[in-house]
$ cat structure_17.cif   # mmCIF, N, CA and C atoms and all ligand atoms
data_coords
loop_
_atom_site.label_atom_id
_atom_site.label_comp_id
_atom_site.auth_asym_id
_atom_site.auth_seq_id
_atom_site.Cartn_x
_atom_site.Cartn_y
_atom_site.Cartn_z
N MET V 265 -10.68 14.87 -51.10
CA MET V 265 -11.39 15.03 -49.81
C MET V 265 -12.86 15.35 -50.07
N SER V 266 -13.72 14.75 -49.28
CA SER V 266 -15.13 15.04 -49.45
C SER V 266 -15.43 16.41 -48.84
N GLU V 267 -16.61 16.89 -49.15
CA GLU V 267 -17.02 18.22 -48.69
C GLU V 267 -16.96 18.34 -47.16
N GLN V 268 -17.42 17.28 -46.48
CA GLN V 268 -17.47 17.33 -45.03
C GLN V 268 -16.08 17.49 -44.43
N ASP V 269 -15.07 17.00 -45.16
CA ASP V 269 -13.72 17.06 -44.62
C ASP V 269 -13.26 18.48 -44.39
N THR V 270 -13.90 19.42 -45.06
CA THR V 270 -13.49 20.81 -44.92
C THR V 270 -14.27 21.53 -43.82
N THR V 271 -15.31 20.91 -43.29
CA THR V 271 -16.09 21.60 -42.26
C THR V 271 -15.52 21.33 -40.88
N LEU V 272 -15.90 22.22 -39.98
CA LEU V 272 -15.53 22.07 -38.58
C LEU V 272 -15.96 20.71 -38.04
N PHE V 273 -17.15 20.28 -38.39
CA PHE V 273 -17.65 19.03 -37.82
C PHE V 273 -16.91 17.83 -38.41
N GLY V 274 -16.45 17.92 -39.66
CA GLY V 274 -15.59 16.88 -40.21
C GLY V 274 -14.32 16.74 -39.39
N LYS V 275 -13.79 17.87 -38.96
CA LYS V 275 -12.56 17.85 -38.14
C LYS V 275 -12.84 17.22 -36.77
N ILE V 276 -14.03 17.49 -36.22
CA ILE V 276 -14.39 16.87 -34.94
C ILE V 276 -14.54 15.36 -35.12
N ILE V 277 -15.18 14.95 -36.20
CA ILE V 277 -15.37 13.52 -36.46
C ILE V 277 -14.01 12.82 -36.56
N ARG V 278 -13.05 13.49 -37.19
CA ARG V 278 -11.71 12.89 -37.35
C ARG V 278 -10.80 13.14 -36.15
N ARG V 279 -11.34 13.77 -35.11
CA ARG V 279 -10.57 14.07 -33.88
C ARG V 279 -9.41 15.02 -34.15
N GLU V 280 -9.56 15.85 -35.16
CA GLU V 280 -8.51 16.85 -35.43
C GLU V 280 -8.66 18.06 -34.52
N ILE V 281 -9.91 18.31 -34.09
CA ILE V 281 -10.12 19.32 -33.05
C ILE V 281 -10.97 18.69 -31.95
N PRO V 282 -10.79 19.14 -30.73
CA PRO V 282 -11.49 18.49 -29.61
C PRO V 282 -12.97 18.85 -29.55
N ALA V 283 -13.72 17.98 -28.96
CA ALA V 283 -15.14 18.25 -28.69
C ALA V 283 -15.55 17.37 -27.53
N ASP V 284 -16.60 17.78 -26.86
CA ASP V 284 -17.14 17.00 -25.75
C ASP V 284 -18.17 16.04 -26.32
N ILE V 285 -17.68 14.89 -26.76
CA ILE V 285 -18.54 13.91 -27.47
C ILE V 285 -19.36 13.13 -26.46
N VAL V 286 -20.69 13.10 -26.69
CA VAL V 286 -21.57 12.41 -25.75
C VAL V 286 -22.16 11.13 -26.33
N PHE V 287 -22.04 10.96 -27.65
CA PHE V 287 -22.60 9.77 -28.30
C PHE V 287 -21.91 9.61 -29.65
N GLU V 288 -21.66 8.36 -30.02
CA GLU V 288 -21.12 8.11 -31.36
C GLU V 288 -21.44 6.68 -31.77
N ASN V 289 -21.79 6.50 -33.02
CA ASN V 289 -21.86 5.15 -33.59
C ASN V 289 -21.27 5.23 -35.00
N ASP V 290 -21.49 4.22 -35.83
CA ASP V 290 -20.84 4.18 -37.15
C ASP V 290 -21.24 5.35 -38.03
N GLU V 291 -22.45 5.85 -37.86
CA GLU V 291 -22.94 6.85 -38.82
C GLU V 291 -23.27 8.21 -38.23
N LEU V 292 -23.25 8.32 -36.90
CA LEU V 292 -23.63 9.57 -36.24
C LEU V 292 -22.63 9.91 -35.15
N ILE V 293 -22.53 11.21 -34.86
CA ILE V 293 -21.76 11.65 -33.69
C ILE V 293 -22.56 12.76 -33.02
N ALA V 294 -22.44 12.88 -31.71
CA ALA V 294 -23.12 13.96 -30.98
C ALA V 294 -22.14 14.54 -29.97
N PHE V 295 -22.10 15.87 -29.89
CA PHE V 295 -21.18 16.55 -28.97
C PHE V 295 -21.83 17.84 -28.49
N ARG V 296 -21.31 18.35 -27.38
CA ARG V 296 -21.88 19.56 -26.80
C ARG V 296 -21.52 20.79 -27.63
N ASP V 297 -22.52 21.65 -27.82
CA ASP V 297 -22.28 22.90 -28.53
C ASP V 297 -21.32 23.77 -27.72
N ILE V 298 -20.38 24.38 -28.39
CA ILE V 298 -19.35 25.17 -27.72
C ILE V 298 -19.91 26.48 -27.16
N ALA V 299 -21.05 26.92 -27.68
CA ALA V 299 -21.69 28.16 -27.21
C ALA V 299 -23.16 27.86 -26.91
N PRO V 300 -23.39 27.15 -25.79
CA PRO V 300 -24.74 26.62 -25.55
C PRO V 300 -25.81 27.70 -25.44
N SER V 301 -26.96 27.40 -26.04
CA SER V 301 -28.13 28.28 -25.97
C SER V 301 -29.13 27.80 -24.94
N ALA V 302 -28.82 26.72 -24.24
CA ALA V 302 -29.69 26.17 -23.20
C ALA V 302 -28.79 25.35 -22.28
N PRO V 303 -29.26 25.01 -21.08
CA PRO V 303 -28.42 24.23 -20.16
C PRO V 303 -27.90 22.93 -20.80
N VAL V 304 -28.73 22.28 -21.59
CA VAL V 304 -28.27 21.14 -22.40
C VAL V 304 -28.35 21.57 -23.86
N HIS V 305 -27.24 21.53 -24.56
CA HIS V 305 -27.23 21.89 -25.98
C HIS V 305 -26.24 20.96 -26.68
N VAL V 306 -26.79 19.95 -27.34
CA VAL V 306 -25.98 18.91 -27.99
C VAL V 306 -26.28 18.94 -29.48
N LEU V 307 -25.24 18.78 -30.29
CA LEU V 307 -25.39 18.73 -31.74
C LEU V 307 -25.28 17.29 -32.21
N PHE V 308 -26.26 16.83 -32.96
CA PHE V 308 -26.26 15.48 -33.55
C PHE V 308 -25.93 15.62 -35.03
N VAL V 309 -24.90 14.90 -35.48
CA VAL V 309 -24.35 15.10 -36.82
C VAL V 309 -24.17 13.76 -37.51
N PRO V 310 -24.73 13.60 -38.71
CA PRO V 310 -24.40 12.39 -39.48
C PRO V 310 -22.97 12.49 -40.00
N LYS V 311 -22.29 11.37 -40.09
CA LYS V 311 -20.92 11.39 -40.61
C LYS V 311 -20.89 11.51 -42.13
N THR V 312 -21.99 11.18 -42.78
CA THR V 312 -22.10 11.35 -44.23
C THR V 312 -22.12 12.84 -44.55
N PRO V 313 -21.31 13.29 -45.50
CA PRO V 313 -21.34 14.72 -45.82
C PRO V 313 -22.62 15.14 -46.55
N ILE V 314 -23.40 16.00 -45.88
CA ILE V 314 -24.62 16.59 -46.46
C ILE V 314 -24.57 18.05 -46.00
N ALA V 315 -24.47 18.98 -46.92
CA ALA V 315 -24.18 20.37 -46.54
C ALA V 315 -25.30 20.99 -45.71
N SER V 316 -26.54 20.68 -46.05
CA SER V 316 -27.68 21.24 -45.32
C SER V 316 -28.89 20.39 -45.65
N LEU V 317 -30.00 20.70 -44.99
CA LEU V 317 -31.22 19.94 -45.32
C LEU V 317 -31.59 20.14 -46.79
N ASP V 318 -31.25 21.31 -47.32
CA ASP V 318 -31.56 21.59 -48.71
C ASP V 318 -30.79 20.66 -49.66
N ALA V 319 -29.68 20.12 -49.20
CA ALA V 319 -28.88 19.21 -50.04
C ALA V 319 -29.27 17.75 -49.82
N ALA V 320 -30.19 17.49 -48.90
CA ALA V 320 -30.60 16.11 -48.62
C ALA V 320 -31.47 15.58 -49.74
N THR V 321 -31.38 14.29 -49.98
CA THR V 321 -32.18 13.64 -51.01
C THR V 321 -32.97 12.49 -50.35
N PRO V 322 -33.91 11.90 -51.08
CA PRO V 322 -34.63 10.76 -50.51
C PRO V 322 -33.68 9.63 -50.06
N ASP V 323 -32.51 9.55 -50.64
CA ASP V 323 -31.54 8.53 -50.19
C ASP V 323 -31.10 8.76 -48.75
N HIS V 324 -31.24 9.98 -48.27
CA HIS V 324 -30.81 10.30 -46.91
C HIS V 324 -31.95 10.16 -45.89
N ALA V 325 -33.12 9.78 -46.34
CA ALA V 325 -34.30 9.81 -45.46
C ALA V 325 -34.11 8.94 -44.23
N ALA V 326 -33.62 7.73 -44.41
CA ALA V 326 -33.49 6.82 -43.27
C ALA V 326 -32.41 7.34 -42.31
N LEU V 327 -31.33 7.84 -42.85
CA LEU V 327 -30.25 8.38 -42.02
C LEU V 327 -30.75 9.57 -41.18
N LEU V 328 -31.49 10.47 -41.83
CA LEU V 328 -32.00 11.64 -41.10
C LEU V 328 -33.04 11.22 -40.07
N GLY V 329 -33.78 10.18 -40.37
CA GLY V 329 -34.72 9.64 -39.39
C GLY V 329 -33.98 9.10 -38.18
N ARG V 330 -32.90 8.38 -38.44
CA ARG V 330 -32.11 7.83 -37.32
C ARG V 330 -31.44 8.95 -36.52
N LEU V 331 -31.13 10.05 -37.19
CA LEU V 331 -30.57 11.22 -36.48
C LEU V 331 -31.58 11.73 -35.45
N MET V 332 -32.82 11.85 -35.87
CA MET V 332 -33.88 12.31 -34.96
C MET V 332 -34.06 11.32 -33.80
N ILE V 333 -34.07 10.04 -34.14
CA ILE V 333 -34.30 9.02 -33.11
C ILE V 333 -33.13 8.99 -32.12
N ALA V 334 -31.91 9.20 -32.61
CA ALA V 334 -30.75 9.23 -31.71
C ALA V 334 -30.89 10.37 -30.71
N ALA V 335 -31.36 11.52 -31.17
CA ALA V 335 -31.56 12.65 -30.26
C ALA V 335 -32.63 12.32 -29.23
N ALA V 336 -33.71 11.70 -29.67
CA ALA V 336 -34.80 11.34 -28.74
C ALA V 336 -34.32 10.31 -27.73
N GLU V 337 -33.54 9.35 -28.18
CA GLU V 337 -33.03 8.31 -27.25
C GLU V 337 -32.07 8.94 -26.23
N TYR V 338 -31.27 9.88 -26.70
CA TYR V 338 -30.34 10.56 -25.78
C TYR V 338 -31.14 11.32 -24.72
N ALA V 339 -32.17 12.04 -25.15
CA ALA V 339 -33.00 12.79 -24.21
C ALA V 339 -33.61 11.86 -23.17
N ARG V 340 -34.06 10.72 -23.61
CA ARG V 340 -34.66 9.75 -22.69
C ARG V 340 -33.60 9.20 -21.73
N SER V 341 -32.44 8.85 -22.29
CA SER V 341 -31.41 8.23 -21.46
C SER V 341 -30.84 9.23 -20.45
N GLU V 342 -30.86 10.51 -20.78
CA GLU V 342 -30.34 11.53 -19.85
C GLU V 342 -31.40 12.01 -18.87
N GLY V 343 -32.65 11.55 -19.08
CA GLY V 343 -33.70 11.82 -18.10
C GLY V 343 -34.43 13.13 -18.27
N PHE V 344 -34.27 13.80 -19.42
CA PHE V 344 -35.02 15.04 -19.58
C PHE V 344 -36.13 14.96 -20.63
N ALA V 345 -36.39 13.78 -21.13
CA ALA V 345 -37.43 13.65 -22.15
C ALA V 345 -38.81 14.01 -21.58
N GLU V 346 -39.02 13.63 -20.32
CA GLU V 346 -40.33 13.87 -19.74
C GLU V 346 -40.58 15.37 -19.55
N ASP V 347 -39.54 16.10 -19.14
CA ASP V 347 -39.68 17.55 -18.98
C ASP V 347 -39.80 18.24 -20.33
N GLY V 348 -39.18 17.65 -21.34
CA GLY V 348 -39.30 18.18 -22.70
C GLY V 348 -38.00 18.76 -23.23
N TYR V 349 -37.98 18.92 -24.51
CA TYR V 349 -36.78 19.45 -25.18
C TYR V 349 -37.19 19.96 -26.55
N ARG V 350 -36.25 20.59 -27.22
CA ARG V 350 -36.52 21.11 -28.56
C ARG V 350 -35.42 20.64 -29.50
N VAL V 351 -35.78 20.28 -30.73
CA VAL V 351 -34.77 20.03 -31.76
C VAL V 351 -34.93 21.07 -32.85
N VAL V 352 -33.78 21.55 -33.35
CA VAL V 352 -33.75 22.63 -34.35
C VAL V 352 -32.74 22.26 -35.42
N MET V 353 -33.10 22.46 -36.68
CA MET V 353 -32.12 22.31 -37.76
C MET V 353 -32.16 23.58 -38.60
N ASN V 354 -31.08 24.34 -38.56
CA ASN V 354 -30.99 25.56 -39.35
C ASN V 354 -30.58 25.20 -40.78
N CYS V 355 -31.22 25.82 -41.74
CA CYS V 355 -30.91 25.55 -43.14
C CYS V 355 -30.71 26.86 -43.87
N GLY V 356 -29.46 27.14 -44.21
CA GLY V 356 -29.17 28.28 -45.06
C GLY V 356 -29.04 29.61 -44.34
N ARG V 357 -28.81 30.62 -45.10
CA ARG V 357 -28.44 31.95 -44.59
C ARG V 357 -29.49 32.56 -43.66
N ASP V 358 -30.74 32.58 -44.09
CA ASP V 358 -31.75 33.25 -43.27
C ASP V 358 -32.00 32.53 -41.95
N ALA V 359 -31.68 31.25 -41.89
CA ALA V 359 -31.83 30.52 -40.62
C ALA V 359 -30.59 30.68 -39.75
N GLY V 360 -29.54 31.26 -40.31
CA GLY V 360 -28.32 31.45 -39.54
C GLY V 360 -27.41 30.25 -39.52
N GLN V 361 -27.57 29.33 -40.49
CA GLN V 361 -26.67 28.17 -40.52
C GLN V 361 -25.23 28.65 -40.71
N THR V 362 -24.34 28.14 -39.85
CA THR V 362 -22.94 28.56 -39.92
C THR V 362 -21.99 27.41 -40.26
N VAL V 363 -22.43 26.18 -40.00
CA VAL V 363 -21.59 25.02 -40.31
C VAL V 363 -22.33 24.19 -41.36
N PHE V 364 -21.69 24.01 -42.52
CA PHE V 364 -22.40 23.41 -43.64
C PHE V 364 -22.18 21.90 -43.70
N GLN V 365 -22.56 21.29 -42.60
CA GLN V 365 -22.73 19.85 -42.48
C GLN V 365 -24.00 19.68 -41.65
N VAL V 366 -24.99 18.99 -42.22
CA VAL V 366 -26.29 18.85 -41.55
C VAL V 366 -26.11 18.49 -40.07
N HIS V 367 -26.83 19.18 -39.21
CA HIS V 367 -26.79 18.87 -37.78
C HIS V 367 -28.08 19.29 -37.13
N LEU V 368 -28.41 18.54 -36.09
CA LEU V 368 -29.63 18.77 -35.32
C LEU V 368 -29.22 19.30 -33.95
N HIS V 369 -29.77 20.46 -33.57
CA HIS V 369 -29.54 20.98 -32.23
C HIS V 369 -30.56 20.34 -31.29
N LEU V 370 -30.09 19.82 -30.18
CA LEU V 370 -30.98 19.34 -29.12
C LEU V 370 -30.82 20.29 -27.94
N LEU V 371 -31.92 20.94 -27.57
CA LEU V 371 -31.92 21.95 -26.51
C LEU V 371 -32.84 21.50 -25.39
N ALA V 372 -32.34 21.60 -24.16
CA ALA V 372 -33.14 21.13 -23.03
C ALA V 372 -32.59 21.69 -21.74
N GLY V 373 -33.24 21.31 -20.65
CA GLY V 373 -32.70 21.62 -19.34
C GLY V 373 -33.36 22.80 -18.67
N ALA V 374 -34.29 23.45 -19.32
CA ALA V 374 -35.01 24.58 -18.75
C ALA V 374 -36.19 24.88 -19.68
N PRO V 375 -37.19 25.62 -19.18
CA PRO V 375 -38.24 26.07 -20.09
C PRO V 375 -37.59 26.85 -21.24
N LEU V 376 -37.95 26.53 -22.46
CA LEU V 376 -37.19 27.01 -23.62
C LEU V 376 -37.79 28.21 -24.33
N GLY V 377 -38.73 28.87 -23.69
CA GLY V 377 -39.37 29.99 -24.36
C GLY V 377 -38.42 30.88 -25.13
N GLY V 378 -37.36 31.35 -24.45
CA GLY V 378 -36.42 32.25 -25.10
C GLY V 378 -35.29 31.54 -25.80
N PHE V 379 -34.93 30.36 -25.31
CA PHE V 379 -33.72 29.72 -25.81
C PHE V 379 -33.84 29.36 -27.28
N GLY V 380 -34.95 28.71 -27.63
CA GLY V 380 -35.09 28.26 -29.01
C GLY V 380 -35.14 29.43 -29.96
N ALA V 381 -35.86 30.47 -29.53
CA ALA V 381 -35.99 31.66 -30.36
C ALA V 381 -34.60 32.27 -30.57
N ARG V 382 -33.83 32.31 -29.47
CA ARG V 382 -32.49 32.87 -29.59
C ARG V 382 -31.65 32.04 -30.54
N HIS V 383 -31.76 30.70 -30.38
CA HIS V 383 -30.91 29.90 -31.23
C HIS V 383 -31.32 29.94 -32.69
N ALA V 384 -32.57 30.28 -32.91
CA ALA V 384 -33.00 30.39 -34.31
C ALA V 384 -32.40 31.63 -34.96
N HIS V 385 -31.55 32.32 -34.22
CA HIS V 385 -30.82 33.51 -34.70
C HIS V 385 -31.79 34.62 -35.04
P1 LIG Y 401 -25.70 26.37 -36.98
O1 LIG Y 401 -25.72 27.84 -36.68
O2 LIG Y 401 -27.06 25.75 -36.97
O3 LIG Y 401 -24.92 26.04 -38.23
O4 LIG Y 401 -24.97 25.70 -35.74
C1 LIG Y 401 -23.59 25.59 -35.62
C2 LIG Y 401 -23.31 25.42 -34.16
O5 LIG Y 401 -21.99 24.91 -34.00
C3 LIG Y 401 -23.39 26.71 -33.34
O6 LIG Y 401 -24.41 26.57 -32.35
C4 LIG Y 401 -22.00 26.84 -32.72
O7 LIG Y 401 -22.02 27.31 -31.40
C5 LIG Y 401 -21.50 25.40 -32.78
N1 LIG Y 401 -20.05 25.25 -32.82
C6 LIG Y 401 -19.16 26.00 -33.50
N2 LIG Y 401 -17.91 25.55 -33.30
C7 LIG Y 401 -18.02 24.48 -32.46
C8 LIG Y 401 -17.07 23.58 -31.87
N3 LIG Y 401 -15.75 23.68 -32.11
N4 LIG Y 401 -17.54 22.61 -31.05
C9 LIG Y 401 -18.86 22.52 -30.80
N5 LIG Y 401 -19.80 23.33 -31.33
C10 LIG Y 401 -19.38 24.30 -32.15
#

$ encode --input "structure_17.cif" --output "structure tokens"
Amino acid sequence: MSEQDTTLFGKIIRREIPADIVFENDELIAFRDIAPSAPVHVLFVPKTPIASLDAATPDHAALLGRLMIAAAEYARSEGFAEDGYRVVMNCGRDAGQTVFQVHLHLLAGAPLGGFGARHAH
């Protein structure tokens, strides 16, 4: 089993545990955070196992770029891009990373002064 298979998000990708999935393609999945820090809080996750940004290599550059673009396209398609949003990627202990599969938090739906700070743990 690959590393991702042991993470919570690997289980969501394999439909072993439920999630409110809002987007999926061959290489990415996005679902609502179970403990939202903003009115809109969606996690964008590559299906390739990468424990954190610290484990990413130049080989992952295009995939991580597409992860960002998928979040931006979702924001546009849901109609909140114009009002604005925040993307956050926690890396490691001091950032409060709890799931060791790279993921991008997309936060939106209200002025985010406090939300992003809160989510940064
Ligand atoms: P991080 O702290 O950056 O590693 O983010 C992990 C996120 O996963 C947290 O915001 C959690 O609320 C979220 N989370 C944990 N379990 C689930 C789940 N079963 N479904 C959706 N989101 C989850």

$ closest_residue --input "structure_17.cif" --among "V:Leu371, V:Ala294, V:Ala320, V:Asn289" --to "Phe344 in chain V" --atoms "only C-alpha atoms"
V:Leu371

$ residues_around --input "structure_17.cif" --residues "range 322-333 of chain V" --least-positions-apart "4" --cutoff "7 Å" --atoms "only N, CA and C atoms" --output "PyMOL selection string"
chain V and resi 308-310+337-338

$ residues_near_ligand --input "structure_17.cif" --ligand "ligand LIG 401 (chain Y)" --cutoff "7 Å" --atoms "only N, CA and C atoms and all ligand atoms" --output "JSON, numbers by chain"
{"V": [272, 281, 282, 283, 284, 295, 296, 297, 298, 299, 300, 301, 352, 353, 354, 355, 359, 360, 361, 362, 363, 364, 365, 367, 369]}

$ closest_residue --input "structure_17.cif" --among "V:Gly274, V:Arg340, V:Asp358, V:Val366" --to "Leu307 in chain V" --atoms "only C-alpha atoms"
V:Val366

$ atom_distance --input "structure_17.cif" --atom1 "atom N of Val286 in chain V" --atom2 "CA of Val306 in chain V"
8.0 Å

$ closest_residue --input "structure_17.cif" --among "V:Glu291, V:Asp347, V:Thr271, V:Ile285" --to "His305 in chain V" --atoms "only C-alpha atoms"
V:Ile285

$ select_by_dssp --input "structure_17.cif" --residues "range 286-378 of chain V" --states "strand (DSSP E or B)" --output "NGL selection string"
:V and (286-288 or 292-296 or 304-310 or 349-352 or 368-372)

$ select_by_dssp --input "structure_17.cif" --residues "chain V" --states "alpha helix (DSSP H)" --output "ChimeraX atom specification"
/V:272-277,325-342,377-383

$ closest_residue --input "structure_17.cif" --among "V:Ala302, V:Leu292, V:Ala372, V:Leu317" --to "Gly348 in chain V" --atoms "all atoms listed in the file"
V:Ala372

$ atom_distance --input "structure_17.cif" --atom1 "CA of Arg357 in chain V" --atom2 "CA of Val304 in chain V"
24.7 Å

$ closest_residue --input "structure_17.cif" --among "V:Ala339, V:Asp290, V:Gly356, V:Tyr349" --to "Ala319 in chain V" --atoms "only C-alpha atoms"
V:Gly356

$ atom_distance --input "structure_17.cif" --atom1 "atom C of Glu342 in chain V" --atom2 "CA of Gly377 in chain V"
20.4 Å
